[in-house]
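The structure appears right after this line, and notes come after that.
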Amino acid sequence: MAESNVPTAKPKKPAARPESRLAMVRRARKINRELAEVYPYAHPELDFRNPFELLVATVLSAQTTDLRVNQTTPALFAKYPTPEDLAAAVPEEVEELIRPTGFFRAKTKSIMGLATAIRDDFGGEVPGRLDDLVTLPGVGRKTAFVVLGNAFGVPGITVDTHFMRLVRRWKWTEQEDPVKVEAEIATIFPKSEWTMLSHRVIFHGRRICHARKPACGACPIAPLCPAYGEGETDPEKARKLLKYEKGGYPGQRLNPPPDYPGIPASPLGAGA
């Protein structure tokens, strides 16, 4: 019998089995350990000397870069070093000082409002409890956890745009609401890791795993990433996409911690 010319259908590959919850948790914790090695110097990228300065700087950081905030706050805190000083300020003068951060009228209302509340309701001291912080004007859970984790040593998960993007790319969660994301991620990691996990993920999102064009080919956790290939996979091209110290450029802080490996940023009007 003559052989048939009809091509034989290739056998289908078996569908990949969905990742179990246990496997996802193990992969997530391994990513955290890898990021701890890549960013041993991870830190908040806002310059601050006390809880009040961190709180104000975090509110100002909405819709702008930490760099622009760091370039703006020295003059602001020189003139208004305490909540009492800021609460008694002339709004138009505050607006002019924080104008470079954008949305300066709304931000002036928020920071003067929170300064007034701290003066009147908390004895002039920034409160160290979540329930108290979120009562302040312009302060939501994200801002509160930044202050709690970095000024008071209280563990917290900071769900900013970078954190949200990466934990969804890594399939740690499918949630889109920040509060639900925070709750789900909190079940994956011990509480002691929450603050540093936030720094590491945000560092990675700013430097390598960018929103529009992640540098997949230069990513140290590529083998653990289910979204590998969404960005540039060629190592040489990917390296050109790296930002901040990974690409040899200044970071966001004018006064970074001593162990920061990059170049400090420049003051406002001095470039960078």
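By convention here, the chains of the structure tokens are called A, B, ... in the order presented, each chain's residues are numbered starting at 1, and ligands are numbered starting at 1 in the order presented.
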
Contacts between range 160-172 of chain A and range 33-117 of chain A, please, where a residue of range 33-117 of chain A counts if it comes within 12 Å (with only C-alpha atoms); show its shortest atom pair and distance in Å to one decimal, rows by chain and ascending number, as CSV.
```
residue,atom,partner,partner_atom,distance
A:Thr58,CA,A:Asp160,CA,11.5
A:Ser61,CA,A:Asp160,CA,11.2
A:Ala62,CA,A:Asp160,CA,10.0
A:Gln63,CA,A:Thr161,CA,10.7
```

Would you pick out the contacts of range 233-246 of chain A at 7 Å or less, using only C-alpha atoms, so that residues sharing its chain but fewer than 4 positions from it are not included, and give the list as a PyMOL selection string?
chain A and resi 207-208+215-218+229+250-251+261-262

Within 10 Å of range 145-150 of chain A, counting only C-alpha atoms, which residues show up once you throw out same-chain ones fewer than 3 positions away? Write them as a count of residues only, please.
34

Distance CA of Tyr39 in chain A-CA of Val201 in chain A, one decimal place?
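CA of Val201 in chain A lies at a distance of 9.6 Å from CA of Tyr39 in chain A.
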
Compile the contact shell of Asp66 in chain A as a ChimeraX atom specification: residues with an atom at most 9 Å away, counting only C-alpha atoms, same-chain residues fewer than 6 positions apart removed.
/A:45-47,57-58,60,252-253

Taking into account only C-alpha atoms, which residue in the set A:Gly123, A:Gly248, A:Pro257, A:Gly113 is nearest to Ala42 in chain A?
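Among A:Gly123, A:Gly248, A:Pro257, A:Gly113, it is A:Pro257 that comes nearest to Ala42 in chain A.
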
Range 88-255 of chain A: which residues are helix (DSSP H, G or I) by DSSP, as a ChimeraX atom specification?
/A:91-101,104-121,130-133,141-151,161-169,178-186,191-207,216-218,222-224,235-239,244-247

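All residues of protein, DNA or RNA that reach within 8 Å of Val59 in chain A, judged by only C-alpha atoms and not counting those fewer than 5 positions away in the chain, are Lys107, Ser110, Ile111, Gly138, Val139 and Thr143 of chain A.
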
Please produce a file of those selected residues containing N, CA, C and O atoms, as a PDB file, in the first residue's frame.
```
ATOM      1  N   LYS A 107      -1.624  70.167  47.319  1.00  0.00           N
ATOM      2  CA  LYS A 107      -0.623  69.645  48.248  1.00  0.00           C
ATOM      3  C   LYS A 107      -0.398  70.606  49.414  1.00  0.00           C
ATOM      4  O   LYS A 107      -0.179  70.170  50.553  1.00  0.00           O
ATOM      5  N   SER A 110      -3.097  69.986  51.835  1.00  0.00           N
ATOM      6  CA  SER A 110      -2.893  68.728  52.565  1.00  0.00           C
ATOM      7  C   SER A 110      -1.820  68.864  53.641  1.00  0.00           C
ATOM      8  O   SER A 110      -2.035  68.483  54.795  1.00  0.00           O
ATOM      9  N   ILE A 111      -0.652  69.405  53.278  1.00  0.00           N
ATOM     10  CA  ILE A 111       0.436  69.414  54.258  1.00  0.00           C
ATOM     11  C   ILE A 111       0.186  70.439  55.371  1.00  0.00           C
ATOM     12  O   ILE A 111       0.564  70.211  56.520  1.00  0.00           O
ATOM     13  N   GLY A 138      -4.782  64.171  53.491  1.00  0.00           N
ATOM     14  CA  GLY A 138      -3.850  63.738  52.456  1.00  0.00           C
ATOM     15  C   GLY A 138      -3.095  62.466  52.764  1.00  0.00           C
ATOM     16  O   GLY A 138      -2.214  62.070  51.991  1.00  0.00           O
ATOM     17  N   VAL A 139      -3.426  61.793  53.875  1.00  0.00           N
ATOM     18  CA  VAL A 139      -2.690  60.595  54.282  1.00  0.00           C
ATOM     19  C   VAL A 139      -3.577  59.355  54.142  1.00  0.00           C
ATOM     20  O   VAL A 139      -4.578  59.217  54.851  1.00  0.00           O
ATOM     21  N   THR A 143       0.776  56.037  52.328  1.00  0.00           N
ATOM     22  CA  THR A 143       1.610  57.031  53.012  1.00  0.00           C
ATOM     23  C   THR A 143       1.843  56.634  54.466  1.00  0.00           C
ATOM     24  O   THR A 143       2.967  56.739  54.987  1.00  0.00           O
TER      25      THR A 143
END
```

Let me make sure I understand: among A:His204, A:Arg68, A:Arg17, A:Arg99, which one has the smallest atom-to-atom distance to Ile31 in chain A if we use only C-alpha atoms?
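Looking at the shortest contact to Ile31 in chain A, the residue is A:His204.
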
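In this comparison, which uses only C-alpha atoms, the residue of A:Asp177, A:Asp132, A:Glu93, A:Glu193 approaching Arg29 in chain A most closely is A:Glu193.
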
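One finds CA of Arg105 in chain A at 18.2 Å from CA of Asp85 in chain A.
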
Between CA of Tyr260 in chain A and CA of Thr101 in chain A lies a distance of 24.5 Å

Nearby residues (only C-alpha atoms) at most 9 Å from Ala88 in chain A, same-chain spacing under 5 positions excluded, as a PyMOL selection string
chain A and resi 83+112+115-116

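Omitting Lys213 in chain A and its sequence neighbours fewer than 6 positions away, and counting only C-alpha atoms, the residues within 9 Å are A:Glu230, A:Gly231, A:Glu232, A:Leu241.
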
So that I have them on file, write out the residues from the current selection with N, CA and C atoms, as an mmCIF file, in the first residue's frame.
```cif
data_model
loop_
_atom_site.group_PDB
_atom_site.id
_atom_site.type_symbol
_atom_site.label_atom_id
_atom_site.label_comp_id
_atom_site.auth_asym_id
_atom_site.auth_seq_id
_atom_site.Cartn_x
_atom_site.Cartn_y
_atom_site.Cartn_z
ATOM 1 N N GLU A 230 8.122 39.939 28.281
ATOM 2 C CA GLU A 230 7.283 41.105 28.010
ATOM 3 C C GLU A 230 8.128 42.306 27.619
ATOM 4 N N GLY A 231 9.383 42.293 28.041
ATOM 5 C CA GLY A 231 10.282 43.397 27.727
ATOM 6 C C GLY A 231 11.447 42.937 26.880
ATOM 7 N N GLU A 232 12.499 43.735 26.822
ATOM 8 C CA GLU A 232 13.684 43.465 26.002
ATOM 9 C C GLU A 232 14.463 42.298 26.598
ATOM 10 N N LEU A 241 18.651 49.876 29.221
ATOM 11 C CA LEU A 241 17.389 50.335 29.800
ATOM 12 C C LEU A 241 17.469 50.526 31.317
#
```
